[in-house]
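Next up, upload26.tsv (TSV, C-alpha atoms):
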```tsv
chain	number	residue	atom	x	y	z
X	9	MET	CA	0.00	0.00	0.00
X	10	GLU	CA	1.29	3.44	-0.88
X	11	PRO	CA	2.05	5.63	2.16
X	12	THR	CA	-0.29	8.57	2.67
X	13	THR	CA	1.31	11.77	1.51
X	14	HIS	CA	0.46	15.29	2.57
X	15	ASN	CA	0.63	18.50	0.61
X	16	ILE	CA	2.16	21.66	2.02
X	17	LEU	CA	1.63	25.26	0.95
X	18	VAL	CA	4.49	27.69	1.57
X	19	VAL	CA	3.30	31.32	1.58
X	20	ASP	CA	6.06	33.93	1.60
X	21	ASP	CA	6.79	36.90	-0.62
X	22	SER	CA	10.47	35.94	-0.61
X	23	ALA	CA	11.27	33.38	-3.30
X	24	THR	CA	14.55	32.76	-1.52
X	25	THR	CA	12.80	31.89	1.73
X	26	ARG	CA	10.34	29.67	-0.10
X	27	ALA	CA	13.28	27.83	-1.63
X	28	VAL	CA	14.91	27.42	1.79
X	29	VAL	CA	11.68	26.12	3.31
X	30	LYS	CA	11.13	23.75	0.39
X	31	ARG	CA	14.62	22.35	0.80
X	32	THR	CA	13.98	21.85	4.51
X	33	ILE	CA	10.74	20.04	3.74
X	34	ALA	CA	12.53	17.79	1.26
X	35	LEU	CA	15.07	16.88	3.92
X	36	SER	CA	12.49	16.38	6.68
X	37	GLY	CA	11.90	12.71	6.01
X	38	ALA	CA	8.13	13.22	6.14
X	39	ALA	CA	5.83	11.69	3.54
X	40	VAL	CA	5.19	14.91	1.67
X	41	GLY	CA	3.44	14.95	-1.68
X	42	ASP	CA	3.25	18.30	-3.42
X	43	VAL	CA	4.78	21.47	-2.04
X	44	PHE	CA	2.92	24.47	-3.43
X	45	GLU	CA	4.19	28.04	-3.30
X	46	ALA	CA	2.42	31.39	-3.09
X	47	GLY	CA	3.86	34.88	-2.90
X	48	ASP	CA	0.96	36.50	-1.06
X	49	GLY	CA	-2.40	35.78	0.52
X	50	ASN	CA	-4.43	36.05	-2.65
X	51	ALA	CA	-2.24	33.57	-4.49
X	52	ALA	CA	-2.44	31.27	-1.48
X	53	LEU	CA	-6.23	31.35	-1.55
X	54	GLY	CA	-6.13	30.37	-5.19
X	55	VAL	CA	-4.03	27.32	-4.35
X	56	ILE	CA	-6.12	26.32	-1.34
X	57	ARG	CA	-9.37	26.52	-3.27
X	58	SER	CA	-8.08	24.41	-6.13
X	59	ARG	CA	-5.77	21.88	-4.46
X	60	LYS	CA	-5.72	19.66	-1.42
X	61	VAL	CA	-3.55	21.39	1.18
X	62	ASP	CA	-2.75	19.72	4.52
X	63	LEU	CA	-0.47	22.32	6.10
X	64	VAL	CA	0.12	26.03	5.48
X	65	LEU	CA	3.47	27.59	6.36
X	66	LEU	CA	2.69	31.29	6.41
X	67	ASP	CA	4.70	34.49	6.46
X	68	LEU	CA	2.97	37.51	7.99
X	69	HIS	CA	4.50	40.54	6.31
X	70	MET	CA	3.74	40.44	2.59
X	71	PRO	CA	2.57	42.93	0.01
X	72	GLY	CA	-1.07	42.64	-0.94
X	73	MET	CA	-2.93	40.28	1.34
X	74	GLY	CA	-0.70	39.57	4.33
X	75	GLY	CA	-0.60	36.56	6.57
X	76	VAL	CA	-2.87	37.91	9.30
X	77	GLU	CA	-5.70	38.52	6.84
X	78	LEU	CA	-5.22	35.16	5.13
X	79	ALA	CA	-5.24	33.31	8.46
X	80	GLY	CA	-8.48	35.06	9.36
X	81	ILE	CA	-10.12	34.07	6.08
X	82	LEU	CA	-9.04	30.45	6.37
X	83	HIS	CA	-10.13	30.18	9.97
X	84	GLY	CA	-13.48	31.76	9.19
X	85	ASP	CA	-14.30	29.35	6.37
X	86	PRO	CA	-15.65	25.94	7.47
X	87	ALA	CA	-14.04	24.42	4.38
X	88	THR	CA	-10.55	25.50	5.41
X	89	ARG	CA	-10.58	26.13	9.15
X	90	ASP	CA	-9.14	22.70	9.96
X	91	ILE	CA	-6.04	23.16	7.80
X	92	PRO	CA	-3.19	23.75	10.26
X	93	ILE	CA	-1.50	27.11	9.82
X	94	VAL	CA	2.01	27.65	11.16
X	95	VAL	CA	3.43	31.16	10.97
X	96	ILE	CA	7.07	31.53	9.92
X	97	SER	CA	7.91	35.18	10.44
X	98	ALA	CA	10.32	37.69	11.91
X	99	GLU	CA	7.42	39.08	13.95
X	100	PRO	CA	8.88	39.81	17.39
X	101	SER	CA	5.74	40.47	19.45
X	102	ALA	CA	4.77	37.54	21.67
X	103	GLY	CA	1.44	39.26	22.28
X	104	ARG	CA	0.69	39.47	18.59
X	105	ILE	CA	1.60	35.81	18.08
X	106	GLU	CA	-0.66	34.79	20.95
X	107	ALA	CA	-3.48	36.76	19.36
X	108	LEU	CA	-2.92	34.89	16.10
X	109	LYS	CA	-2.99	31.57	17.92
X	110	ALA	CA	-6.26	32.58	19.56
X	111	GLY	CA	-7.50	33.22	16.03
X	112	GLY	CA	-6.67	29.76	14.79
X	113	VAL	CA	-2.94	29.77	13.99
X	114	ARG	CA	-1.50	26.52	15.33
X	115	GLY	CA	2.20	27.28	15.61
X	116	TYR	CA	4.94	29.85	15.21
X	117	VAL	CA	8.54	29.62	14.02
X	118	ARG	CA	10.52	32.80	14.25
X	119	LYS	CA	12.89	33.85	11.46
X	120	PRO	CA	15.72	33.20	11.18
X	121	PHE	CA	14.79	29.58	11.74
X	122	ARG	CA	16.87	26.46	12.04
X	123	PRO	CA	15.94	23.65	9.62
X	124	GLU	CA	15.07	21.34	12.49
X	125	GLN	CA	12.41	23.78	13.70
X	126	VAL	CA	10.55	23.49	10.39
X	127	ARG	CA	11.16	19.74	10.32
X	128	ASP	CA	9.62	19.41	13.79
X	129	VAL	CA	6.55	21.38	12.70
X	130	ILE	CA	6.06	19.09	9.71
X	131	HIS	CA	6.40	15.97	11.81
X	132	HIS	CA	4.06	17.36	14.45
X	133	PHE	CA	1.26	18.17	12.05
X	134	LEU	CA	1.78	15.59	9.32
X	135	GLY	CA	3.57	12.77	11.08
X	136	GLY	CA	6.45	10.86	9.58
X	137	GLY	CA	9.07	11.51	12.24
X	138	GLN	CA	12.07	9.23	12.22
D	9	MET	CA	-8.27	47.69	33.70
D	10	THR	CA	-6.90	49.42	30.62
D	11	ARG	CA	-5.88	53.00	30.20
D	12	THR	CA	-4.79	55.16	27.35
D	13	ILE	CA	-1.17	56.23	27.11
D	14	GLU	CA	-1.18	59.96	27.39
D	15	ALA	CA	0.74	62.11	24.94
D	16	GLY	CA	3.06	63.29	27.68
D	17	GLU	CA	3.95	59.75	28.64
D	18	ARG	CA	4.73	58.93	25.02
D	19	ALA	CA	6.96	61.98	24.78
D	20	THR	CA	8.81	60.81	27.88
D	21	ALA	CA	9.19	57.30	26.48
D	22	ALA	CA	10.50	58.43	23.07
D	23	PRO	CA	14.07	59.29	24.12
D	24	CYS	CA	14.28	55.94	25.93
D	25	ALA	CA	13.09	54.07	22.85
D	26	THR	CA	15.61	55.97	20.73
D	27	ALA	CA	18.47	54.87	22.96
D	28	VAL	CA	17.25	51.27	23.02
D	29	LEU	CA	16.82	51.06	19.27
D	30	THR	CA	19.87	52.92	18.06
D	31	ALA	CA	22.53	51.42	20.35
D	32	GLY	CA	24.79	48.84	18.77
D	33	VAL	CA	23.06	48.65	15.42
D	34	ASP	CA	26.25	47.20	13.93
D	35	GLU	CA	26.17	44.30	16.38
D	36	LEU	CA	22.50	43.76	15.65
D	37	VAL	CA	23.11	43.51	11.91
D	38	ALA	CA	26.12	41.26	12.46
D	39	GLY	CA	24.00	38.89	14.52
D	40	SER	CA	21.33	38.78	11.82
D	41	LEU	CA	23.85	38.14	9.06
D	42	GLU	CA	25.29	35.19	10.94
D	43	ALA	CA	22.00	33.67	12.07
D	44	PHE	CA	20.18	34.27	8.81
D	45	ALA	CA	22.77	33.63	6.15
D	46	PHE	CA	25.87	32.21	7.86
D	47	VAL	CA	27.89	35.33	7.05
D	48	LEU	CA	30.46	36.25	9.70
D	49	ALA	CA	30.74	39.94	10.44
D	50	GLY	CA	32.75	42.05	12.85
D	51	PRO	CA	33.21	45.68	13.73
D	52	ALA	CA	34.68	48.05	11.16
D	53	GLU	CA	35.73	51.68	11.02
D	54	LEU	CA	32.85	53.81	9.76
D	55	PRO	CA	33.91	54.93	6.30
D	56	ALA	CA	32.53	58.29	5.26
D	57	SER	CA	32.48	57.22	1.62
D	58	PRO	CA	31.68	53.89	-0.05
D	59	PRO	CA	34.25	51.61	-1.65
D	60	ALA	CA	35.31	53.11	-4.96
D	61	GLY	CA	33.46	51.68	-7.92
D	62	ALA	CA	31.28	49.34	-5.90
D	63	ASP	CA	27.67	48.78	-6.86
D	64	LEU	CA	25.62	49.51	-3.76
D	65	LEU	CA	22.23	48.60	-2.37
D	66	TYR	CA	20.07	50.73	-0.10
D	67	CYS	CA	17.77	48.75	2.19
D	68	GLY	CA	15.12	50.40	4.33
D	69	LEU	CA	12.56	49.02	6.75
D	70	PRO	CA	9.97	51.32	8.30
D	71	PHE	CA	8.25	50.66	11.60
D	72	ALA	CA	5.32	52.57	13.01
D	73	GLY	CA	2.99	52.75	15.96
D	74	ALA	CA	3.95	53.38	19.58
D	75	VAL	CA	7.47	53.95	18.25
D	76	SER	CA	8.05	54.99	14.64
D	77	GLY	CA	11.16	55.15	12.53
D	78	ARG	CA	13.20	53.14	10.07
D	79	LEU	CA	16.19	50.87	9.83
D	80	GLU	CA	18.58	51.65	6.99
D	81	LEU	CA	21.51	49.68	5.59
D	82	VAL	CA	23.78	50.42	2.64
D	83	PHE	CA	26.22	47.79	1.43
D	84	PRO	CA	27.82	46.46	-1.75
D	85	THR	CA	25.53	44.47	-4.03
D	86	ALA	CA	28.14	41.71	-3.93
D	87	LEU	CA	27.23	41.03	-0.30
D	88	ALA	CA	23.61	40.51	-1.26
D	89	ALA	CA	24.76	37.92	-3.76
D	90	VAL	CA	26.66	36.15	-0.96
D	91	LEU	CA	23.51	36.14	1.18
D	92	ALA	CA	21.44	34.67	-1.64
D	93	ALA	CA	24.12	32.11	-2.47
D	94	ASN	CA	24.37	30.94	1.14
D	95	LEU	CA	20.61	30.65	1.48
D	96	LEU	CA	20.21	28.81	-1.80
D	97	CYS	CA	23.33	26.67	-1.35
D	98	VAL	CA	24.83	27.80	-4.64
D	99	ASP	CA	28.05	29.56	-5.63
D	100	PRO	CA	27.93	33.39	-5.35
D	101	GLY	CA	28.58	33.50	-9.09
D	102	ASP	CA	25.59	31.30	-9.83
D	103	PRO	CA	22.81	33.09	-11.74
D	104	ALA	CA	20.38	32.08	-9.01
D	105	ALA	CA	22.41	34.10	-6.51
D	106	ALA	CA	22.28	37.16	-8.76
D	107	ASP	CA	18.54	36.73	-9.25
D	108	GLY	CA	17.97	36.36	-5.52
D	109	GLN	CA	20.13	39.16	-4.17
D	110	ALA	CA	17.39	41.78	-3.73
D	111	ASP	CA	15.12	39.16	-2.24
D	112	ALA	CA	17.82	38.06	0.19
D	113	ALA	CA	18.45	41.68	1.17
D	114	ARG	CA	14.74	42.15	1.91
D	115	GLU	CA	14.74	39.08	4.11
D	116	LEU	CA	17.83	40.36	5.93
D	117	MET	CA	15.88	43.52	6.67
D	118	ASN	CA	12.89	41.56	7.97
D	119	VAL	CA	15.07	39.47	10.25
D	120	THR	CA	17.07	42.46	11.48
D	121	GLY	CA	13.92	44.52	11.94
D	122	GLY	CA	12.36	41.76	14.02
D	123	ALA	CA	15.45	41.59	16.21
D	124	LEU	CA	15.54	45.37	16.48
D	125	LEU	CA	11.95	45.75	17.61
D	126	ALA	CA	12.34	42.84	20.02
D	127	ARG	CA	14.45	45.22	22.07
D	128	LEU	CA	11.33	47.17	22.93
D	129	GLY	CA	9.26	46.16	25.91
D	130	GLU	CA	6.17	44.16	24.99
D	131	ALA	CA	3.87	47.11	25.74
D	132	GLU	CA	5.53	49.30	23.14
D	133	LEU	CA	6.17	46.38	20.81
D	134	SER	CA	2.52	45.37	20.74
D	135	GLY	CA	1.73	48.83	19.40
D	136	THR	CA	4.58	48.91	16.90
D	137	THR	CA	4.48	47.11	13.58
D	138	MET	CA	7.08	46.55	10.89
D	139	GLY	CA	6.39	47.73	7.39
D	140	LEU	CA	7.64	46.13	4.22
D	141	PRO	CA	11.34	46.43	3.36
D	142	THR	CA	12.48	48.35	0.32
D	143	VAL	CA	15.63	47.54	-1.61
D	144	ARG	CA	17.00	49.69	-4.43
D	145	PRO	CA	20.32	50.59	-6.01
D	146	ALA	CA	22.11	53.08	-3.79
D	147	THR	CA	24.20	56.09	-4.62
D	148	PRO	CA	27.31	57.30	-2.78
D	149	ALA	CA	25.02	59.99	-1.35
D	150	ASP	CA	22.90	57.29	0.30
D	151	TRP	CA	26.04	55.86	1.89
D	152	ARG	CA	27.21	59.24	3.09
D	153	ALA	CA	23.80	60.08	4.54
D	154	VAL	CA	23.84	56.95	6.69
D	155	ALA	CA	27.52	57.20	7.62
D	156	ALA	CA	27.16	60.84	8.68
D	157	ASP	CA	24.62	59.94	11.34
D	158	PRO	CA	26.36	60.01	14.74
D	159	ARG	CA	24.41	56.90	15.75
D	160	ALA	CA	25.42	54.93	12.64
D	161	GLY	CA	27.54	51.83	12.83
D	162	ALA	CA	29.67	49.85	10.40
D	163	LEU	CA	30.69	46.25	10.11
D	164	ASP	CA	32.86	44.10	7.93
D	165	ALA	CA	30.90	41.16	6.54
D	166	GLU	CA	33.38	38.80	4.91
D	167	GLY	CA	35.18	41.70	3.28
D	168	HIS	CA	32.12	43.79	2.49
D	169	VAL	CA	31.55	46.93	4.58
D	170	VAL	CA	27.99	47.59	5.71
D	171	VAL	CA	26.84	50.92	7.11
D	172	ALA	CA	23.71	50.93	9.23
D	173	ARG	CA	21.55	53.22	11.28
D	174	VAL	CA	18.20	53.39	13.02
D	175	VAL	CA	16.25	56.61	12.73
D	176	VAL	CA	13.58	57.02	15.39
D	177	GLY	CA	10.77	59.48	14.96
D	178	ALA	CA	11.06	59.57	11.16
```

Translate the structure described by the file into structure tokens.
Amino acid sequence: MEPTTHNILVVDDSATTRAVVKRTIALSGAAVGDVFEAGDGNAALGVIRSRKVDLVLLDLHMPGMGGVELAGILHGDPATRDIPIVVISAEPSAGRIEALKAGGVRGYVRKPFRPEQVRDVIHHFLGGGQ
Amino acid sequence: MTRTIEAGERATAAPCATAVLTAGVDELVAGSLEAFAFVLAGPAELPASPPAGADLLYCGLPFAGAVSGRLELVFPTALAAVLAANLLCVDPGDPAAADGQADAARELMNVTGGALLARLGEAELSGTTMGLPTVRPATPADWRAVAADPRAGALDAEGHVVVARVVVGA
């Protein structure tokens, strides 16, 4: 039987950061299927509404629709509210992060991150730890 | 119970925030370079003028709210290529590094801005938000404007000099 794979959406306006996160995902050892990319919240919504997404790794500060607004939309929609959202951001305010978690965000990794932090998030939400 | 911060209190807090945010900006940037892109950096003399003939980048990051201002860096474009190369695990001469240099510089600003604002107490921080970084080609005048600030700092990042300052109240 084929192992169950999970799809991840990486939302960050930095193509470089998306590449770093994608490389970390590839090295995580988790059973990951597709890794989608989006450069802002609107592009992310397009992916989520057309593909199966099991985990969203979300930057906060982006041009256009930022991460806070996107998280609010996803959490407010019964069709998407159960998709785990983990913020990966340089946001320094613990209070602001706690407010996001109260609004449905499930985790937070502060930039600059170590690869094992992202790996641990993937294993926590998608399984597949070694 | 909540209360509104009065204008007088904010005026009293502003000089304190200025001292907290502007002190040791060179060390702050050095820490970000190492943690973010594995680039080692140390203190450098503050040069009044940029390296002759070097292509330069200006990077700015505004912040606003309880405390407002901006973080500014000017450094050779070649350093941005090193950042991108390290992040992407390619050679600095790789086309991907050249394509990613502005992007890497923006991320450096995000990371440094986050570390900068983390110096504020949570009360001020919760009312202060980072804007989006801007990166553009810089002129020698941009370099001189930063270097002339008495609170500016400089660092040597693997042979590339970076000048940096934080302007509070801008």

> Is there a way to get, as a ChimeraX atom specification, all residues within 6 Å of the point (18.4, 53.9, 2.3) in file coordinates, counting only C-alpha atoms?
Replying inline: /D:66-68,80,150

> What's the 6 Å shell around segment 47-53 of chain D, counting only C-alpha atoms, without same-chain residues fewer than 4 positions away, as a VMD selection string?
Replying inline: chain D and resid 38 41 to 42 162 to 165

>> Using only C-alpha atoms, I'd like every residue of chain X that has an atom within 12 Å of chain D; please write them out as a PyMOL selection string.
In response: chain X and resi 20-32+67-72+74+96-107+118-123

Same residues, C-alpha atoms, saved as a PDB file, keeping the file's coordinate frame:
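Saved file again-v3.pdb follows:
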```pdb
ATOM      1  CA  ASP X  20       6.060  33.930   1.600  1.00  0.00           C
ATOM      2  CA  ASP X  21       6.790  36.900  -0.620  1.00  0.00           C
ATOM      3  CA  SER X  22      10.470  35.940  -0.610  1.00  0.00           C
ATOM      4  CA  ALA X  23      11.270  33.380  -3.300  1.00  0.00           C
ATOM      5  CA  THR X  24      14.550  32.760  -1.520  1.00  0.00           C
ATOM      6  CA  THR X  25      12.800  31.890   1.730  1.00  0.00           C
ATOM      7  CA  ARG X  26      10.340  29.670  -0.100  1.00  0.00           C
ATOM      8  CA  ALA X  27      13.280  27.830  -1.630  1.00  0.00           C
ATOM      9  CA  VAL X  28      14.910  27.420   1.790  1.00  0.00           C
ATOM     10  CA  VAL X  29      11.680  26.120   3.310  1.00  0.00           C
ATOM     11  CA  LYS X  30      11.130  23.750   0.390  1.00  0.00           C
ATOM     12  CA  ARG X  31      14.620  22.350   0.800  1.00  0.00           C
ATOM     13  CA  THR X  32      13.980  21.850   4.510  1.00  0.00           C
ATOM     14  CA  ASP X  67       4.700  34.490   6.460  1.00  0.00           C
ATOM     15  CA  LEU X  68       2.970  37.510   7.990  1.00  0.00           C
ATOM     16  CA  HIS X  69       4.500  40.540   6.310  1.00  0.00           C
ATOM     17  CA  MET X  70       3.740  40.440   2.590  1.00  0.00           C
ATOM     18  CA  PRO X  71       2.570  42.930   0.010  1.00  0.00           C
ATOM     19  CA  GLY X  72      -1.070  42.640  -0.940  1.00  0.00           C
ATOM     20  CA  GLY X  74      -0.700  39.570   4.330  1.00  0.00           C
ATOM     21  CA  ILE X  96       7.070  31.530   9.920  1.00  0.00           C
ATOM     22  CA  SER X  97       7.910  35.180  10.440  1.00  0.00           C
ATOM     23  CA  ALA X  98      10.320  37.690  11.910  1.00  0.00           C
ATOM     24  CA  GLU X  99       7.420  39.080  13.950  1.00  0.00           C
ATOM     25  CA  PRO X 100       8.880  39.810  17.390  1.00  0.00           C
ATOM     26  CA  SER X 101       5.740  40.470  19.450  1.00  0.00           C
ATOM     27  CA  ALA X 102       4.770  37.540  21.670  1.00  0.00           C
ATOM     28  CA  GLY X 103       1.440  39.260  22.280  1.00  0.00           C
ATOM     29  CA  ARG X 104       0.690  39.470  18.590  1.00  0.00           C
ATOM     30  CA  ILE X 105       1.600  35.810  18.080  1.00  0.00           C
ATOM     31  CA  GLU X 106      -0.660  34.790  20.950  1.00  0.00           C
ATOM     32  CA  ALA X 107      -3.480  36.760  19.360  1.00  0.00           C
ATOM     33  CA  ARG X 118      10.520  32.800  14.250  1.00  0.00           C
ATOM     34  CA  LYS X 119      12.890  33.850  11.460  1.00  0.00           C
ATOM     35  CA  PRO X 120      15.720  33.200  11.180  1.00  0.00           C
ATOM     36  CA  PHE X 121      14.790  29.580  11.740  1.00  0.00           C
ATOM     37  CA  ARG X 122      16.870  26.460  12.040  1.00  0.00           C
ATOM     38  CA  PRO X 123      15.940  23.650   9.620  1.00  0.00           C
TER      39      PRO X 123
END
```

> In Å to one decimal, how far is atom CA of Ala89 of chain D from atom CA of Ala106 of chain D?
Replying inline: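 That distance, rounded to one decimal, is 5.6 Å.
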
> Do you have the atom CA of Gly73 of chain D-atom CA of Val176 of chain D distance handy?
Replying inline: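 Between atom CA of Gly73 of chain D and atom CA of Val176 of chain D the gap is 11.4 Å.
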
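Nearest residue to Ala25 of chain D, choosing from D:Thr85, D:Ser76, D:Arg144, D:Phe46 and counting all atoms listed in the file: D:Ser76.
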
>> Tell me which residues come within 8 Å of (22.9, 49.2, -3.3), as a PyMOL selection string, counting all atoms listed in the file in the file's coordinates.
In response: chain D and resi 63-67+82-85+143-147

> Interatomic distance between atom CA of Leu66 of chain X and atom CA of Gly80 of chain X?
Replying inline: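 So the answer is 12.2 Å.
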
> From the set X:Leu108, X:Ile91, X:Ala39, X:Leu134, which residue has the shortest atom-to-atom contact distance to Lys60 of chain X, counting all atoms listed in the file?
Replying inline: X:Ile91

Taking all atoms of segment 149-163 of chain D that the file lists, what box with edges along x, y and z, padded by 4 Å per side, do you get, with centre and edge lengths in Å to one decimal, as JSON?
```
{"center_x": 26.8, "center_y": 53.5, "center_z": 7.2, "size_x": 15.8, "size_y": 22.6, "size_z": 25.1}
```

>> Counting only C-alpha atoms, which residue out of X:Val76, X:Val94, X:Ala51, X:Val113 sits closest to Ile130 of chain X?
In response: X:Val94

>> Can you pull out the residues contacting Ser58 of chain X? Cut-off 12 Å, using only C-alpha atoms, and skip same-chain residues under 4 positions away; I want them as a PyMOL selection string.
In response: chain X and resi 44+51-54+88

>> Need to verify the contact set: Ala155 of chain D, 8 Å, all atoms listed in the file, exclusion of same-chain residues closer than 2 positions in sequence. Can you return it as an MDAnalysis selection string?
In response: chainID D and resid 54:57 151:153 157:158 160:161 171:172
